[in-house]
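Report on the structure given below.
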Amino acid sequence: MEEAKRPLRGLVFGNLVDFDMLYGHRRDALGYARELEWLDGELPTLLNLLGERDLLLLTADHGNDPTFPGSDHTREFVPVLAWSRATEKSGGRDLGTLTTFADLGQTRSKRSAARSGY
């Protein structure tokens, strides 16, 4: 939240490591649920801080089902949620199932894709 309040031209990277380290690998489904509820409660405040040209990407680097036996990574799909004021105004769209984590770096708007020739 503090970073979103500052004027910035660039990238802010936040790692919500507690989802993984404290709840996913420890198979604490209730703790994981509480953490998700906390994030859900914080998102409206964060979105209100973002400007017209800001883009919020929420994703993960791997699956980690807190109800699965063991403590290793699991294989479910990883969500990718992208939000900007423009996507909110247009109603958003489904990005489909991406084939690799690298696809996130290639995700861009139609406008920027047209400018770059992609």
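By convention in this document, the chains of the structure tokens carry letters A, B, ... by their order, each chain's residues are numbered from 1, and ligands are numbered from 1 in the order they are shown.
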Who sits within 10 Å of range 10-20 of chain A, only C-alpha atoms, same chain under 3 positions skipped, as a PyMOL selection string: chain A and resi 3-4+7+23-28+31-36+39+54-66+73
Test item, helix (DSSP H, G or I) assignment across chain A, answer as number ranges by chain: A: 2-5, 17-24, 29-49, 85-90, 103-106, 110-116
Would you export the selected residues with C-alpha atoms as a short mmCIF file (atom, residue, chain, number, x, y, z; two decimals), in the first residue's frame, please?
data_model
loop_
_atom_site.label_atom_id
_atom_site.label_comp_id
_atom_site.auth_asym_id
_atom_site.auth_seq_id
_atom_site.Cartn_x
_atom_site.Cartn_y
_atom_site.Cartn_z
CA GLU A 2 2.82 2.37 0.86
CA GLU A 3 4.43 1.89 -2.56
CA ALA A 4 1.11 2.48 -4.32
CA LYS A 5 0.81 5.86 -2.55
CA VAL A 17 5.21 -15.29 0.52
CA ASP A 18 3.03 -16.17 3.52
CA PHE A 19 0.50 -17.88 1.23
CA ASP A 20 3.23 -20.32 0.21
CA MET A 21 5.62 -20.56 3.14
CA LEU A 22 3.22 -20.39 6.09
CA TYR A 23 0.08 -21.98 4.69
CA GLY A 24 0.59 -23.84 1.39
CA ALA A 29 -5.99 -24.75 4.69
CA LEU A 30 -7.67 -22.57 7.35
CA GLY A 31 -4.68 -20.22 7.52
CA TYR A 32 -4.62 -20.09 3.72
CA ALA A 33 -8.32 -19.19 3.69
CA ARG A 34 -7.78 -16.43 6.29
CA GLU A 35 -4.92 -15.01 4.20
CA LEU A 36 -7.14 -15.00 1.09
CA GLU A 37 -9.87 -13.20 3.02
CA TRP A 38 -7.30 -10.63 4.20
CA LEU A 39 -6.16 -10.05 0.59
CA ASP A 40 -9.77 -9.75 -0.60
CA GLY A 41 -10.32 -7.08 2.05
CA GLU A 42 -7.19 -5.12 1.03
CA LEU A 43 -7.76 -5.14 -2.74
CA PRO A 44 -10.38 -2.35 -2.91
CA THR A 45 -8.00 0.02 -1.09
CA LEU A 46 -5.13 -0.91 -3.39
CA LEU A 47 -7.23 -0.51 -6.54
CA ASN A 48 -8.34 2.96 -5.40
CA LEU A 49 -4.67 3.99 -5.12
CA ARG A 85 -8.89 1.08 -14.93
CA ALA A 86 -9.24 0.38 -18.67
CA THR A 87 -10.01 -3.32 -18.13
CA GLU A 88 -12.51 -2.43 -15.42
CA LYS A 89 -14.30 0.01 -17.76
CA SER A 90 -14.39 -2.50 -20.62
CA ASP A 103 3.24 -15.88 -21.17
CA LEU A 104 2.66 -13.33 -18.43
CA GLY A 105 5.62 -11.27 -19.66
CA GLN A 106 4.18 -11.33 -23.16
CA LYS A 110 -4.11 -4.55 -28.10
CA ARG A 111 -2.90 -0.95 -28.34
CA SER A 112 0.69 -1.74 -27.28
CA ALA A 113 0.68 -4.88 -29.40
CA ALA A 114 -0.34 -2.83 -32.46
CA ARG A 115 2.40 -0.27 -31.77
CA SER A 116 5.08 -2.91 -31.39
#
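Of all the residues in chain A, the ones DSSP labels as strand (DSSP E) from the backbone are Leu56, Leu57, Leu58, Leu81, Ala82 and Trp83 of chain A.
Across A:Glu52, A:Val78, A:Trp83, A:Leu8, the tightest approach to Thr99 in chain A is made by A:Val78 when counting only C-alpha atoms.
Counting from CA of Ala82 in chain A, the distance to CA of Leu95 in chain A is 9.2 Å.
Closest approach to Leu50 in chain A among A:Thr67, A:Thr100, A:Ser84, A:Thr74: A:Ser84, based on only C-alpha atoms.
Computed from the coordinates, the CA of Gly91 in chain A to CA of Arg75 in chain A distance equals 29.8 Å.
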